[in-house]
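Q: A single structure is presented below for examination.
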Amino acid sequence: MKRSAKAAPEWTGFQEARPYGPKYDLRTDFVMVYGISDDLPDRIEGWKKAGYTVHLMTGVAWGEYQDYLYGRFDGRNHWDEAQTVRTGKHLLHNVDVPYMVPTVSFADYLSTHIKKAIDAGVEAIHMEEPEFWAAAGYAEAFKREWLNVYGEEWIPPHASHDAQYRASKLKAAMYYRAMDRICSAMKEYALATYGRTVRFYIPTHSLINYTQWRIVSPEAQFVSMPSCDGFIAQIWTGTSRTPNVYRGVRRERTFETAYLEYGMMQELTRGTGREMWFLHDPIEDNPRHTWADYEQNYLATVTASLLHPGVSQYEVCPWPYRVFEGSYPKEDGSGKEPIPGRYATQLMTVIHMLGEMHKYDADTHGPSAAGIGLCLANSAMFQRGDVDVPEEKQDASGSRYDGTEADDALTAKERKLLDWSPFYGLALPLLKFGVPVRPLQYDNLLHFPGYLDDYKILFLSYEFMKPEHPGIHQVLAQWVQEGGVLVYAGDGSDPYHHVREWWKRETRRGAYGRPEEHLFETLGLGRHPEEGMHQVGSGAVIYERKHPADFAETSDGADRVLNRLKEALVFLGAEEEFKENRVLEIQRGPYRIVHVLDETGSDASVVLEGSFIRLFDAKLPLAKRVELKPNGNLLLYDLDYDEGDRLQPRILAASSRIREEVYSDRALRWMAESPEGIRVSVRARVPRQPLKAYVDEDAVIFDYDAETQTVFLEFEGSPQGKSVRIEWA
């Protein structure tokens with residue numbers, strides 16, 4: 001799908017609500033000014049003067065919209081459009097800032113705000129987080145929408161599984177309508193008024209996180225929305241540290257969850273023509289952690305994202321003001337402290353590297369089993385609300401979880417709901433075995449031909465989601481006929497099998513008890529095949545009659561998942577191409593990205609040998625041998641990577657933006673741009689022993705390594721840029 005041309009590259013960017021500030025000027029390609037307020041034109045102008053392409057980001061589910069709530073916009077009070085839970089309580093993001101039901105009226109109100117941003121000259125608009133809580137659905141505005149859409153009086157979502165499922169479908173449909181209405185109208189407004197195209201993007205959590213946190217959003221539906229140009233994958237420590245269960249152990253698994261989340265978002269747009277930026281956050285929304293905790297989890301999410309080479313655009317930081325000017329608890333609990341200088345330098349090294357990533361393709365290291373997917377559909381979000389029956393699924397408090405509350409503050413029932421073991425029961429055994437499994441956007445099968453071409457094994461269950469259209473089964477059956485292997489897990493116990501959906505409608509073949517019956521029939525296996533393997537054309541179906549949540553609770557359950565994988569590989573004659581692997585690793589140009597998995601039965605470290613620069617270290621040290629413990633992450637610059645003329649002088653790693661890099665037969669020169677107050681580190685390759693190094697004509701000390709022909713120097717950074725020069729004989 002062809003998209004609007006950009007005035008300049010937009011590989012990296014960040015979002016900030018404050019006016020321009022030199023201490024959090026990250027020197028990326030673009031900035032997203034946040035929120036539409038009276039000072040918006042001044043904020044835009046400040047960032048433009050600093051050299052940025054300017055976008056706007058604003059909340060679509062919540063915001064400072066009191067003029068709408070209290071009737072100053074159209075003379076009508078709109079608190080009846082605030083998302084409301086069963087007890088009658090409004091869901092608030094802040095005082096007088098409720099999460100909104102996306103009515104037509106609210107969409108038209110938001111459009112008046114978006115016009116102001118277009119009038120101010122922004123090049124793109126990001127409509128952030130279209131979220132409807134699963135616990136909601138009791139507002140008067142929602143009841144009116146139910147009557148209009150379903151032609152019947154509203155039914156409380158908690159009354160039955162069918163009511164809950166239909167309520168969630170309606171929530172997603174309402175947000176799709178609101179976003180399509182806003183984006184389409186504002187694109188037309190920009191063209192008609194100014195003769196220019198404005199791009200619209202949707203920053204959104206992953207389908208995995210929204211389902212786990214019990215939030216409903218259109219997600220995959222947006223991919224087919226003509227006015228949607230792409231997404232930002234809002235994945236960070238706060239989403240990825242949410243605990244899950246593996247082999248009966250419940251704990252945080254930040255790397256594994258982030259890996260699955262980024263993979264989900266990569267697959268959302270693969271082959272669709274839409275853009276995708278991956279987000280990283282050096283801290284998180286919960287301000288109660290220490291800098292060491294933030295750093296450890298940040299490195300895990302960065303590593304996880306880089307292991308997905310289908311995306312090379314990044315939002316490098318939300319709210320850099322709170323990172324570079326905020327203070328957080330000290331390790332000893334004696335107060336708060338600002339960001340350690342070492343961590344600030346390290347962050348800028350990673351940000352510079354992210355801006356380089358688009359230049360390189362990826363190579364996978366070691367044994368792998370590419371082409372293995374785990375299907376996940378939008379409908380998973382529709383099964384996460386409260387229902388009176390059965391008793392153990394209730395959450396009468398109507399509470400919500402957004403990552404800012406300590407896990408030990410939750411009730412046992414809330415923790416159980418949050419675990420979402422049906423999904424992780426299938427995903428974690430594969431990932432912990434070293435399989436680079438990708439959560440597959442199941443809804444895309446029907447809309448994008450060839451979407452399954454890169455897959456050879458798929459895992460599927462309808463115990464935690466449902467197929468929204470029977471045509472998906474035709475696509476899946478053809479893929480199996482042509483040589484794919486489908487592993488289906490399910491015992492038919494999910495009460496959502498009995499909602500009023502397409503498989504329950506009477507046809508000439510009669511209704512189906514559960515959607516997998518239609519799948520099996522489409523595959524030519526009858527409605528109720530035996531457990532085990534069934535050959536279908538050139539492919540096969542492996543049926544495991546067990547609820548996938550059970551796979552999370554015990555070691556035996558995880559082993560059952562792996563045994564089904566091995567059977568599929570044997571059928572394909574591919575058992576030799578994959579062996580259990582404790583390391584997930586790829587190389588993207590000179591950048592080597594490595595994670596050592598834990599919970600594998602081995603506590604041994606993994607050793608890498610070669611010639612490297614350690615990029616997760618502020619001093620950019622050289623290393624020939626790197627040892628990495630389980631749950632460890634590495635980002636290395638491989639000095640043995642053949643990148644054209646290896647003797648050509650160039651910068652290899654830096655904690656600043658590099659501009660105007662030029663070399664002659666006697667010197668390497670460049671401009672280094674970084675936030676004010678940052679200690680900049682640089683390691684460059686030079687052909688001979690340097691004689692002198694200068695920063696703005698002041699001589700600086702440097703270190704030279706003759707074996708690698710690299711020179712290291714440090715200096716204080718500036719967003720206006722420092723002129724740096726290294727000279728040799």
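Every chain in the structure tokens takes a letter, A first, then B, and so on in the order presented; its residues are numbered from 1, and the ligands are numbered from 1 following the presented order.
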Got a sec: who's within 8 Å of A:Glu516, counting only C-alpha atoms, leaving out chain neighbours fewer than 3 positions off, as a PyMOL selection string?

A: chain A and resi 462+519-520+527

Q: Could you list, as a PyMOL selection string, every residue within 7 Å of stretch 694-705 of chain A, counting only C-alpha atoms and ignoring same-chain residues fewer than 3 positions away?

A: chain A and resi 708-713+722-726

Q: Write out the residues from the selection above, keeping C-alpha atoms, as a tab-separated table (two decimals), in the first residue's frame.

A:
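File written: result.tsv
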```
chain	number	residue	atom	x	y	z
A	708	THR	CA	41.78	-2.81	16.61
A	709	GLN	CA	42.95	0.59	15.31
A	710	THR	CA	40.25	2.28	17.36
A	711	VAL	CA	40.40	5.44	19.42
A	712	PHE	CA	38.19	6.31	22.40
A	713	LEU	CA	37.44	9.80	23.69
A	722	LYS	CA	30.36	19.93	19.27
A	723	SER	CA	32.92	19.98	16.48
A	724	VAL	CA	35.21	16.97	16.97
A	725	ARG	CA	38.44	16.19	15.13
A	726	ILE	CA	40.99	13.37	15.35
```

Q: Give the strand (DSSP E) residues of stretch 259-372 of chain A, as DSSP finds them on the backbone, and put them as a CSV table (one decimal) with N, CA and C atoms, in the first residue's frame.

A:
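Result went into part.csv, see below:
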```
chain,number,residue,atom,x,y,z
A,275,GLU,N,3.4,1.4,8.4
A,275,GLU,CA,4.6,1.6,9.2
A,275,GLU,C,4.5,1.1,10.6
A,276,MET,N,5.6,0.8,11.2
A,276,MET,CA,5.7,0.4,12.6
A,276,MET,C,6.9,1.0,13.3
A,277,TRP,N,6.7,1.7,14.4
A,277,TRP,CA,7.9,2.0,15.3
A,277,TRP,C,7.8,1.2,16.6
A,278,PHE,N,8.9,0.7,17.0
A,278,PHE,CA,9.0,0.0,18.3
A,278,PHE,C,9.4,1.0,19.4
A,279,LEU,N,8.7,1.0,20.5
A,279,LEU,CA,9.0,1.9,21.6
A,279,LEU,C,9.8,1.3,22.6
A,314,TYR,N,12.0,3.4,15.5
A,314,TYR,CA,11.9,3.3,17.0
A,314,TYR,C,11.5,4.6,17.6
A,315,GLU,N,10.5,4.5,18.5
A,315,GLU,CA,10.3,5.7,19.4
A,315,GLU,C,11.3,5.4,20.6
A,316,VAL,N,12.3,6.2,20.7
A,316,VAL,CA,13.4,5.9,21.6
A,316,VAL,C,13.1,6.2,23.1
A,317,CYS,N,12.1,7.0,23.3
A,317,CYS,CA,11.8,7.4,24.7
A,317,CYS,C,10.5,8.1,24.7
A,318,PRO,N,9.5,7.7,25.6
A,318,PRO,CA,8.4,8.6,25.9
A,318,PRO,C,8.8,9.5,27.1
A,327,SER,N,13.8,12.4,39.3
A,327,SER,CA,14.6,11.7,40.3
A,327,SER,C,13.8,10.5,40.8
A,328,TYR,N,14.5,9.4,41.1
A,328,TYR,CA,13.8,8.2,41.5
A,328,TYR,C,14.5,7.6,42.7
A,329,PRO,N,13.9,6.6,43.4
A,329,PRO,CA,14.4,6.1,44.7
A,329,PRO,C,15.9,5.6,44.6
A,336,LYS,N,15.8,10.2,46.9
A,336,LYS,CA,15.8,10.1,45.5
A,336,LYS,C,17.0,10.6,44.9
A,337,GLU,N,17.3,10.2,43.6
A,337,GLU,CA,18.5,10.7,42.9
A,337,GLU,C,18.2,10.8,41.5
A,338,PRO,N,18.9,11.7,40.8
A,338,PRO,CA,18.7,11.9,39.3
A,338,PRO,C,19.4,10.7,38.6
A,362,ALA,N,19.5,-8.7,8.6
A,362,ALA,CA,19.8,-9.6,9.7
A,362,ALA,C,20.2,-11.0,9.3
A,363,ASP,N,21.1,-11.5,10.1
A,363,ASP,CA,21.5,-12.9,9.9
A,363,ASP,C,21.3,-13.6,11.3
A,364,THR,N,20.7,-14.8,11.3
A,364,THR,CA,20.5,-15.5,12.5
A,364,THR,C,21.7,-16.4,12.8
A,372,ILE,N,7.8,-20.7,12.8
A,372,ILE,CA,6.9,-21.3,13.8
A,372,ILE,C,6.1,-20.2,14.4
```

Q: Please return, as a PDB file with N, CA, C and O atoms, in the first residue's frame, all residues of stretch 57-116 of chain A that DSSP assigns to helix (DSSP H, G or I) on the basis of the backbone.

A:
```pdb
ATOM      1  N   GLN A  66     -12.181  18.667  29.631  1.00  0.00           N
ATOM      2  CA  GLN A  66     -13.218  19.123  30.559  1.00  0.00           C
ATOM      3  C   GLN A  66     -14.263  20.014  29.873  1.00  0.00           C
ATOM      4  O   GLN A  66     -15.428  20.028  30.284  1.00  0.00           O
ATOM      5  N   ASP A  67     -13.852  20.750  28.831  1.00  0.00           N
ATOM      6  CA  ASP A  67     -14.830  21.596  28.142  1.00  0.00           C
ATOM      7  C   ASP A  67     -15.928  20.744  27.503  1.00  0.00           C
ATOM      8  O   ASP A  67     -17.088  21.161  27.421  1.00  0.00           O
ATOM      9  N   TYR A  68     -15.581  19.544  27.076  1.00  0.00           N
ATOM     10  CA  TYR A  68     -16.577  18.629  26.520  1.00  0.00           C
ATOM     11  C   TYR A  68     -17.416  18.018  27.642  1.00  0.00           C
ATOM     12  O   TYR A  68     -18.652  17.970  27.550  1.00  0.00           O
ATOM     13  N   LEU A  69     -16.770  17.592  28.711  1.00  0.00           N
ATOM     14  CA  LEU A  69     -17.468  16.922  29.804  1.00  0.00           C
ATOM     15  C   LEU A  69     -18.520  17.823  30.442  1.00  0.00           C
ATOM     16  O   LEU A  69     -19.629  17.384  30.758  1.00  0.00           O
ATOM     17  N   TRP A  79     -20.802  13.643  30.890  1.00  0.00           N
ATOM     18  CA  TRP A  79     -20.297  12.646  31.839  1.00  0.00           C
ATOM     19  C   TRP A  79     -20.975  11.284  31.644  1.00  0.00           C
ATOM     20  O   TRP A  79     -20.457  10.260  32.118  1.00  0.00           O
ATOM     21  N   ASP A  80     -22.101  11.260  30.930  1.00  0.00           N
ATOM     22  CA  ASP A  80     -22.734   9.966  30.649  1.00  0.00           C
ATOM     23  C   ASP A  80     -21.933   9.158  29.638  1.00  0.00           C
ATOM     24  O   ASP A  80     -22.245   7.992  29.377  1.00  0.00           O
ATOM     25  N   GLU A  81     -20.865   9.762  29.067  1.00  0.00           N
ATOM     26  CA  GLU A  81     -19.989   9.068  28.124  1.00  0.00           C
ATOM     27  C   GLU A  81     -18.686   8.616  28.779  1.00  0.00           C
ATOM     28  O   GLU A  81     -17.789   8.128  28.091  1.00  0.00           O
ATOM     29  N   VAL A 104     -20.045   9.128  18.614  1.00  0.00           N
ATOM     30  CA  VAL A 104     -19.918   9.990  17.441  1.00  0.00           C
ATOM     31  C   VAL A 104     -19.676  11.429  17.878  1.00  0.00           C
ATOM     32  O   VAL A 104     -18.843  12.148  17.309  1.00  0.00           O
ATOM     33  N   SER A 105     -20.383  11.858  18.907  1.00  0.00           N
ATOM     34  CA  SER A 105     -20.227  13.219  19.414  1.00  0.00           C
ATOM     35  C   SER A 105     -18.802  13.459  19.903  1.00  0.00           C
ATOM     36  O   SER A 105     -18.203  14.499  19.605  1.00  0.00           O
ATOM     37  N   PHE A 106     -18.244  12.502  20.641  1.00  0.00           N
ATOM     38  CA  PHE A 106     -16.883  12.661  21.153  1.00  0.00           C
ATOM     39  C   PHE A 106     -15.873  12.671  20.010  1.00  0.00           C
ATOM     40  O   PHE A 106     -14.896  13.429  20.028  1.00  0.00           O
ATOM     41  N   ALA A 107     -16.074  11.841  19.000  1.00  0.00           N
ATOM     42  CA  ALA A 107     -15.177  11.823  17.843  1.00  0.00           C
ATOM     43  C   ALA A 107     -15.181  13.178  17.139  1.00  0.00           C
ATOM     44  O   ALA A 107     -14.129  13.704  16.751  1.00  0.00           O
ATOM     45  N   ASP A 108     -16.368  13.768  16.988  1.00  0.00           N
ATOM     46  CA  ASP A 108     -16.451  15.070  16.327  1.00  0.00           C
ATOM     47  C   ASP A 108     -15.803  16.159  17.182  1.00  0.00           C
ATOM     48  O   ASP A 108     -15.186  17.098  16.655  1.00  0.00           O
ATOM     49  N   TYR A 109     -15.910  16.032  18.498  1.00  0.00           N
ATOM     50  CA  TYR A 109     -15.234  16.978  19.396  1.00  0.00           C
ATOM     51  C   TYR A 109     -13.714  16.867  19.241  1.00  0.00           C
ATOM     52  O   TYR A 109     -13.019  17.883  19.120  1.00  0.00           O
ATOM     53  N   LEU A 110     -13.196  15.632  19.216  1.00  0.00           N
ATOM     54  CA  LEU A 110     -11.756  15.451  19.047  1.00  0.00           C
ATOM     55  C   LEU A 110     -11.282  16.037  17.718  1.00  0.00           C
ATOM     56  O   LEU A 110     -10.173  16.576  17.634  1.00  0.00           O
ATOM     57  N   SER A 111     -12.106  15.944  16.700  1.00  0.00           N
ATOM     58  CA  SER A 111     -11.714  16.477  15.395  1.00  0.00           C
ATOM     59  C   SER A 111     -11.455  17.983  15.458  1.00  0.00           C
ATOM     60  O   SER A 111     -10.566  18.499  14.775  1.00  0.00           O
ATOM     61  N   THR A 112     -12.220  18.700  16.279  1.00  0.00           N
ATOM     62  CA  THR A 112     -11.978  20.138  16.395  1.00  0.00           C
ATOM     63  C   THR A 112     -10.609  20.418  16.998  1.00  0.00           C
ATOM     64  O   THR A 112      -9.980  21.429  16.677  1.00  0.00           O
ATOM     65  N   HIS A 113     -10.134  19.533  17.870  1.00  0.00           N
ATOM     66  CA  HIS A 113      -8.793  19.681  18.431  1.00  0.00           C
ATOM     67  C   HIS A 113      -7.728  19.348  17.392  1.00  0.00           C
ATOM     68  O   HIS A 113      -6.703  20.025  17.301  1.00  0.00           O
ATOM     69  N   ILE A 114      -7.969  18.282  16.630  1.00  0.00           N
ATOM     70  CA  ILE A 114      -6.992  17.875  15.623  1.00  0.00           C
ATOM     71  C   ILE A 114      -6.813  18.973  14.577  1.00  0.00           C
ATOM     72  O   ILE A 114      -5.707  19.215  14.084  1.00  0.00           O
ATOM     73  N   LYS A 115      -7.887  19.677  14.244  1.00  0.00           N
ATOM     74  CA  LYS A 115      -7.782  20.792  13.293  1.00  0.00           C
ATOM     75  C   LYS A 115      -6.761  21.818  13.764  1.00  0.00           C
ATOM     76  O   LYS A 115      -6.007  22.383  12.963  1.00  0.00           O
ATOM     77  N   LYS A 116      -6.731  22.088  15.070  1.00  0.00           N
ATOM     78  CA  LYS A 116      -5.783  23.065  15.604  1.00  0.00           C
ATOM     79  C   LYS A 116      -4.343  22.634  15.337  1.00  0.00           C
ATOM     80  O   LYS A 116      -3.484  23.458  15.017  1.00  0.00           O
TER      81      LYS A 116
END
```

Q: For A:Ala141, find every residue with an atom within 10 Å (counting only C-alpha atoms), except residues of its own chain fewer than 5 positions away, and show them as a PyMOL selection string.

A: chain A and resi 78-84+100-103+146

Q: For the residues in the current selection, export all heavy atoms as a compact mmCIF listing (two decimals), in the first residue's frame.

A:
```txt
# COMPACT_ATOMS: atom_id res chain seq x y z
N HIS A 78 -21.47 15.79 29.27
CA HIS A 78 -21.16 14.50 28.64
C HIS A 78 -20.56 13.48 29.61
O HIS A 78 -19.91 12.52 29.17
CB HIS A 78 -20.19 14.71 27.47
CG HIS A 78 -20.80 15.41 26.29
ND1 HIS A 78 -21.54 14.75 25.34
CD2 HIS A 78 -20.80 16.71 25.93
CE1 HIS A 78 -21.96 15.61 24.43
NE2 HIS A 78 -21.53 16.82 24.76
N TRP A 79 -20.80 13.64 30.89
CA TRP A 79 -20.30 12.65 31.84
C TRP A 79 -20.97 11.28 31.64
O TRP A 79 -20.46 10.26 32.12
CB TRP A 79 -20.49 13.13 33.27
CG TRP A 79 -19.31 13.90 33.77
CD1 TRP A 79 -19.17 15.25 33.84
CD2 TRP A 79 -18.07 13.35 34.24
NE1 TRP A 79 -17.92 15.59 34.32
CE2 TRP A 79 -17.22 14.43 34.58
CE3 TRP A 79 -17.57 12.07 34.40
CZ2 TRP A 79 -15.94 14.27 35.08
CZ3 TRP A 79 -16.29 11.88 34.90
CH2 TRP A 79 -15.49 12.97 35.24
N ASP A 80 -22.10 11.26 30.93
CA ASP A 80 -22.73 9.97 30.65
C ASP A 80 -21.93 9.16 29.64
O ASP A 80 -22.24 7.99 29.38
CB ASP A 80 -24.16 10.16 30.15
CG ASP A 80 -24.24 10.93 28.83
OD1 ASP A 80 -23.30 11.71 28.55
OD2 ASP A 80 -25.23 10.73 28.10
N GLU A 81 -20.86 9.76 29.07
CA GLU A 81 -19.99 9.07 28.12
C GLU A 81 -18.69 8.62 28.78
O GLU A 81 -17.79 8.13 28.09
CB GLU A 81 -19.69 9.98 26.93
CG GLU A 81 -20.93 10.32 26.12
CD GLU A 81 -20.67 11.37 25.06
OE1 GLU A 81 -19.59 11.35 24.44
OE2 GLU A 81 -21.55 12.24 24.86
N ALA A 82 -18.57 8.79 30.08
CA ALA A 82 -17.39 8.28 30.78
C ALA A 82 -17.52 6.77 30.97
O ALA A 82 -18.60 6.28 31.34
CB ALA A 82 -17.25 8.97 32.14
N GLN A 83 -16.45 6.02 30.70
CA GLN A 83 -16.50 4.57 30.89
C GLN A 83 -16.84 4.27 32.35
O GLN A 83 -16.24 4.82 33.27
CB GLN A 83 -15.17 3.94 30.49
CG GLN A 83 -14.90 4.00 29.00
CD GLN A 83 -13.65 3.25 28.59
OE1 GLN A 83 -13.25 2.28 29.24
NE2 GLN A 83 -13.01 3.71 27.51
N THR A 84 -17.80 3.36 32.53
CA THR A 84 -18.37 3.10 33.85
C THR A 84 -18.38 1.60 34.12
O THR A 84 -18.69 0.81 33.22
CB THR A 84 -19.81 3.64 33.92
OG1 THR A 84 -19.80 5.03 33.55
CG2 THR A 84 -20.39 3.50 35.31
N MET A 100 -13.10 7.60 28.05
CA MET A 100 -14.34 7.96 27.38
C MET A 100 -14.91 6.81 26.55
O MET A 100 -14.17 6.00 25.99
CB MET A 100 -14.12 9.16 26.47
CG MET A 100 -13.67 10.43 27.19
SD MET A 100 -14.90 11.06 28.36
CE MET A 100 -16.23 11.53 27.24
N VAL A 101 -16.23 6.76 26.48
CA VAL A 101 -16.92 5.93 25.50
C VAL A 101 -16.82 6.68 24.16
O VAL A 101 -17.21 7.84 24.07
CB VAL A 101 -18.40 5.73 25.88
CG1 VAL A 101 -19.13 4.96 24.78
CG2 VAL A 101 -18.51 5.00 27.22
N PRO A 102 -16.28 6.06 23.12
CA PRO A 102 -16.03 6.78 21.85
C PRO A 102 -17.29 6.97 21.02
O PRO A 102 -17.48 6.32 19.99
CB PRO A 102 -15.00 5.89 21.15
CG PRO A 102 -15.32 4.52 21.64
CD PRO A 102 -15.77 4.67 23.07
N THR A 103 -18.13 7.87 21.45
CA THR A 103 -19.36 8.17 20.72
C THR A 103 -19.06 8.99 19.47
O THR A 103 -17.96 9.54 19.31
CB THR A 103 -20.31 8.96 21.62
OG1 THR A 103 -19.68 10.21 21.97
CG2 THR A 103 -20.66 8.19 22.88
N TRP A 146 -25.63 0.15 22.35
CA TRP A 146 -26.07 -1.25 22.30
C TRP A 146 -27.44 -1.35 21.61
O TRP A 146 -27.65 -2.20 20.73
CB TRP A 146 -26.14 -1.80 23.73
CG TRP A 146 -26.55 -3.24 23.84
CD1 TRP A 146 -27.77 -3.78 23.57
CD2 TRP A 146 -25.72 -4.34 24.27
NE1 TRP A 146 -27.77 -5.14 23.79
CE2 TRP A 146 -26.53 -5.51 24.23
CE3 TRP A 146 -24.41 -4.45 24.69
CZ2 TRP A 146 -26.05 -6.75 24.61
CZ3 TRP A 146 -23.93 -5.70 25.07
CH2 TRP A 146 -24.73 -6.84 25.02
```

Q: Would you pick out the contacts of stretch 302-310 of chain A at 7 Å or less, using only C-alpha atoms, so that residues sharing its chain but fewer than 5 positions from it are not included, and give the list as a count of residues only?

A: 11

Q: Considering only C-alpha atoms, state which residue in the set A:Ala8, A:Leu622, A:Val97, A:Leu91 is at the smallest distance from A:Val54.

A: A:Ala8
